[in-house]
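This report concerns only the one structure given below.
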Amino acid sequence: MPSLDRQENVFVLDLGDGENRFHPDWIGAVGAALAEVEKAEGPRALVTAATGKFYSNGLDLEWLFANADAYHDYVVSVHELFARLLSLPVVTVAALQGHTFAAGAMFSLAHDVRVMRADRGYWCLPEADIDIPFTPGMAALIQSRLAPRTAHEAMVTARRYGGADAEAAGIVDRAVPEEAVRSTALELARAQVGKAGDTLGTIKARMYAPALTTLRDTTNPLG
């Protein structure tokens with residue numbers, strides 16, 4: 001399960017050491033961690049990271065297929081997690097040490113900055129290949145954070161981007177060696193701790209207002 005630690009003014013949220021899929025319990029734990037970061041006072045920033053082969057492999061499809069009657073509420077909870085992170089009033093940095101797929105890739109896009117391992121691992125939106133359309137909220141999030149050409153390629157072709165390719169496409173900000181992923185993310189976060197607060201939250205809320213409105217649509221989240 002995810003765990004939250006604090007290194008001076010930087011909170012570090014470790015998403016886990018497995019596939020880190022969006023099981024309802026996992027979503028709840030991540031949401032609780034974000035709430036703790038949000039309510040803290042003073043200079044602060046957030047790094048999310050993981051341990052092992054995956055940063056996150058996306059939705060928990062096994063759970064979802066076994067609980068089809070909960071689909072609507074599940075999607076609402078995923079959207080709310082994206083919205084909360086996208087509008088969090090602190091600078092957020094994703095340390096992508098492993099595969100980052102589907103909803104995991106979207107979760108990474110909700111951060112302000114992304115650092116990815118250069119030599120191994122892929123960032124991918126595979127929905128076109130696995131025959132699952134993006135929800136309106138997911139599409140709005142992706143298109144608000146990627147250049148139109150990159151969003152089109154990533155969403156339509158399901159391309160798997162290695163670290164260097166992801167950096168060239170503007171999906172991630174830095175592609176670095178494996179051993180430098182988390183330390184680079186921490187360095188970038190430490191440089192921004194003084195920006196935490198209501199002003200930053202307002203800037204994000206206004207910058208991403210259309211995407212946030214779509215993500216927070218609880219009446220018709222599936223379109």
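Letters A, B, ... go to the chains of the structure tokens in the order shown; residues in each chain start at 1; ligands are counted from 1 in the same order.
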Write out as a list in words which residues come within 10 Å of Ala151 of chain A when counting only C-alpha atoms, dropping same-chain ones fewer than 4 positions away.
Leu125, Ala139, Ile142, Gln143, Ser144, Arg145, Leu146, Ala147, Met155, Val156, Thr157, Ala169 and Ile171 of chain A
Mind checking which residues fall within 9 Å of Glu178 of chain A, counting only C-alpha atoms, ignoring those fewer than 3 positions away in the same chain, and posting them as a tab-separated table (two decimals) with C-alpha atoms, in the first residue's frame?
chain	number	residue	atom	x	y	z
A	97	GLN	CA	11.39	4.57	-12.12
A	116	MET	CA	11.76	9.25	-15.92
A	117	ARG	CA	14.35	6.51	-16.06
A	118	ALA	CA	16.20	6.84	-19.36
A	119	ASP	CA	17.36	3.31	-20.10
A	120	ARG	CA	14.40	1.04	-19.31
A	181	VAL	CA	15.42	9.28	-10.81
A	182	ARG	CA	14.34	9.80	-7.21
Within 7 Å of segment 173-175 of chain A, counting only C-alpha atoms, which residues show up once you throw out same-chain ones fewer than 3 positions away? Write them as a PyMOL selection string, please.
chain A and resi 113-118+163-164+167+170
For atom CA of Leu4 of chain A and atom CA of Thr48 of chain A, determine how far apart the two atoms are, in Å to one decimal place.
9.1 Å
Do a neighbour search on Asp112 of chain A at 8 Å with only C-alpha atoms, toss out local chain neighbours closer than 3 positions, and write the hits as JSON, numbers by chain.
{"A": [86, 91, 92, 93, 109]}
With N, CA and C atoms kept, could you save the residues just selected as a PDB file, in the first residue's frame?
ATOM      1  N   LEU A  86      -3.987  17.343  -9.738  1.00  0.00           N
ATOM      2  CA  LEU A  86      -3.787  18.400 -10.725  1.00  0.00           C
ATOM      3  C   LEU A  86      -3.893  19.782 -10.089  1.00  0.00           C
ATOM      4  N   VAL A  91       3.901  22.235  -5.414  1.00  0.00           N
ATOM      5  CA  VAL A  91       4.536  21.708  -6.628  1.00  0.00           C
ATOM      6  C   VAL A  91       4.708  20.205  -6.472  1.00  0.00           C
ATOM      7  N   THR A  92       4.341  19.466  -7.504  1.00  0.00           N
ATOM      8  CA  THR A  92       4.370  18.007  -7.465  1.00  0.00           C
ATOM      9  C   THR A  92       5.304  17.469  -8.540  1.00  0.00           C
ATOM     10  N   VAL A  93       6.083  16.463  -8.177  1.00  0.00           N
ATOM     11  CA  VAL A  93       7.053  15.870  -9.097  1.00  0.00           C
ATOM     12  C   VAL A  93       6.872  14.356  -9.077  1.00  0.00           C
ATOM     13  N   LEU A 109       0.686  12.614 -15.453  1.00  0.00           N
ATOM     14  CA  LEU A 109       0.439  13.883 -16.129  1.00  0.00           C
ATOM     15  C   LEU A 109      -0.199  14.915 -15.209  1.00  0.00           C
TER      16      LEU A 109
END
So that I can see what lies close to Arg6 of chain A, please list as a list in words the residues with an atom at most 12 Å from it, counting only C-alpha atoms and leaving out residues fewer than 5 positions away in the same chain.
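Near Arg6 of chain A, the qualifying residues are Phe11, Val12, Leu13, Asp14, Ala33, Glu36, Val37, Ala40, Arg44, Ala45, Leu46, Val47, Thr48, Leu186 and Arg190 of chain A.
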Give me a file of those residues, with N, CA and C atoms, as a PDB file, in the first residue's frame.
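Okay, this is what ended up in part-v4.pdb:
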ATOM      1  N   PHE A  11       7.491  16.136   0.918  1.00  0.00           N
ATOM      2  CA  PHE A  11       6.765  14.906   1.187  1.00  0.00           C
ATOM      3  C   PHE A  11       7.092  13.906   0.076  1.00  0.00           C
ATOM      4  N   VAL A  12       7.287  12.653   0.442  1.00  0.00           N
ATOM      5  CA  VAL A  12       7.546  11.597  -0.535  1.00  0.00           C
ATOM      6  C   VAL A  12       6.457  10.536  -0.376  1.00  0.00           C
ATOM      7  N   LEU A  13       5.656  10.392  -1.407  1.00  0.00           N
ATOM      8  CA  LEU A  13       4.588   9.399  -1.425  1.00  0.00           C
ATOM      9  C   LEU A  13       5.049   8.207  -2.259  1.00  0.00           C
ATOM     10  N   ASP A  14       5.344   7.093  -1.591  1.00  0.00           N
ATOM     11  CA  ASP A  14       5.724   5.863  -2.291  1.00  0.00           C
ATOM     12  C   ASP A  14       4.451   5.102  -2.621  1.00  0.00           C
ATOM     13  N   ALA A  33      -3.206  10.592   1.574  1.00  0.00           N
ATOM     14  CA  ALA A  33      -1.867  11.182   1.589  1.00  0.00           C
ATOM     15  C   ALA A  33      -1.884  12.582   0.978  1.00  0.00           C
ATOM     16  N   GLU A  36      -3.245  15.006   3.423  1.00  0.00           N
ATOM     17  CA  GLU A  36      -2.268  15.362   4.461  1.00  0.00           C
ATOM     18  C   GLU A  36      -1.286  16.403   3.952  1.00  0.00           C
ATOM     19  N   VAL A  37      -0.832  16.241   2.722  1.00  0.00           N
ATOM     20  CA  VAL A  37       0.077  17.227   2.132  1.00  0.00           C
ATOM     21  C   VAL A  37      -0.628  18.574   1.983  1.00  0.00           C
ATOM     22  N   ALA A  40      -1.076  20.450   5.381  1.00  0.00           N
ATOM     23  CA  ALA A  40       0.156  20.858   6.052  1.00  0.00           C
ATOM     24  C   ALA A  40       0.400  22.338   5.809  1.00  0.00           C
ATOM     25  N   ARG A  44       6.577  23.495   1.291  1.00  0.00           N
ATOM     26  CA  ARG A  44       6.483  22.054   1.070  1.00  0.00           C
ATOM     27  C   ARG A  44       6.277  21.776  -0.413  1.00  0.00           C
ATOM     28  N   ALA A  45       6.626  20.565  -0.786  1.00  0.00           N
ATOM     29  CA  ALA A  45       6.393  20.065  -2.144  1.00  0.00           C
ATOM     30  C   ALA A  45       6.156  18.570  -2.019  1.00  0.00           C
ATOM     31  N   LEU A  46       5.794  17.943  -3.125  1.00  0.00           N
ATOM     32  CA  LEU A  46       5.467  16.519  -3.115  1.00  0.00           C
ATOM     33  C   LEU A  46       6.193  15.792  -4.234  1.00  0.00           C
ATOM     34  N   VAL A  47       6.806  14.671  -3.886  1.00  0.00           N
ATOM     35  CA  VAL A  47       7.350  13.731  -4.869  1.00  0.00           C
ATOM     36  C   VAL A  47       6.580  12.435  -4.731  1.00  0.00           C
ATOM     37  N   THR A  48       6.116  11.889  -5.846  1.00  0.00           N
ATOM     38  CA  THR A  48       5.550  10.534  -5.833  1.00  0.00           C
ATOM     39  C   THR A  48       6.540   9.615  -6.524  1.00  0.00           C
ATOM     40  N   LEU A 186      13.617  14.767  -6.139  1.00  0.00           N
ATOM     41  CA  LEU A 186      13.725  15.464  -4.854  1.00  0.00           C
ATOM     42  C   LEU A 186      14.395  16.822  -5.016  1.00  0.00           C
ATOM     43  N   ARG A 190      12.609  20.286  -4.042  1.00  0.00           N
ATOM     44  CA  ARG A 190      13.168  21.171  -3.005  1.00  0.00           C
ATOM     45  C   ARG A 190      13.286  22.611  -3.495  1.00  0.00           C
TER      46      ARG A 190
END
Using only C-alpha atoms, which residue out of A:Leu88, A:Gly98, A:Ala32, A:Asn67 lies closest to Lys53 of chain A?
A:Gly98
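Taking only C-alpha atoms, the non-local environment of Ser77 of chain A within 10 Å (same-chain residues fewer than 5 positions away omitted) comprises Phe22, Pro24, Ile27, Gly28, Gly31, Tyr71, His72, Phe82, Ala83, Leu215, Arg216 and Thr218 of chain A.
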As a ChimeraX atom specification, please: all residues of chain A that backbone DSSP puts in strand (DSSP E).
/A:3-7,10-14,45-49,54-56,91-96,99-101,113-117,123-124,160-161,174-176
Nearest residue to His99 of chain A from the set A:Asp5, A:Asp17, A:Asp60, A:Glu187 (distances using only C-alpha atoms)
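Residue with the minimum atom-to-atom distance to His99 of chain A: A:Asp17.
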Of the residues A:Gly162, A:Gly58, A:Gly18, A:Gly194, which is the one nearest to Glu41 of chain A, using only C-alpha atoms?
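For Glu41 of chain A, the nearest of the given residues is A:Gly194.
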Any idea what the distance is between atom CA of Thr100 of chain A and atom CA of Gly121 of chain A?
7.7 Å
Distance query Met1 of chain A at most 8 Å, only C-alpha atoms, self and fewer than 2 positions along chain excluded, as a short mmCIF file (atom, residue, chain, number, x, y, z; two decimals) with N, CA and C atoms, in the first residue's frame:
data_model
loop_
_atom_site.label_atom_id
_atom_site.label_comp_id
_atom_site.auth_asym_id
_atom_site.auth_seq_id
_atom_site.Cartn_x
_atom_site.Cartn_y
_atom_site.Cartn_z
N SER A 3 2.62 4.75 0.99
CA SER A 3 3.05 5.27 2.27
C SER A 3 3.64 6.66 2.08
N LEU A 15 4.23 4.87 -3.90
CA LEU A 15 2.98 4.25 -4.35
C LEU A 15 2.93 2.75 -4.12
N GLY A 16 4.08 2.12 -3.84
CA GLY A 16 4.10 0.69 -3.58
C GLY A 16 5.18 -0.01 -4.38
N TRP A 26 -6.26 1.39 -2.67
CA TRP A 26 -5.08 2.16 -3.10
C TRP A 26 -5.49 3.60 -3.37
N ALA A 29 -5.96 5.37 -0.12
CA ALA A 29 -4.70 5.66 0.58
C ALA A 29 -3.97 6.83 -0.07
#
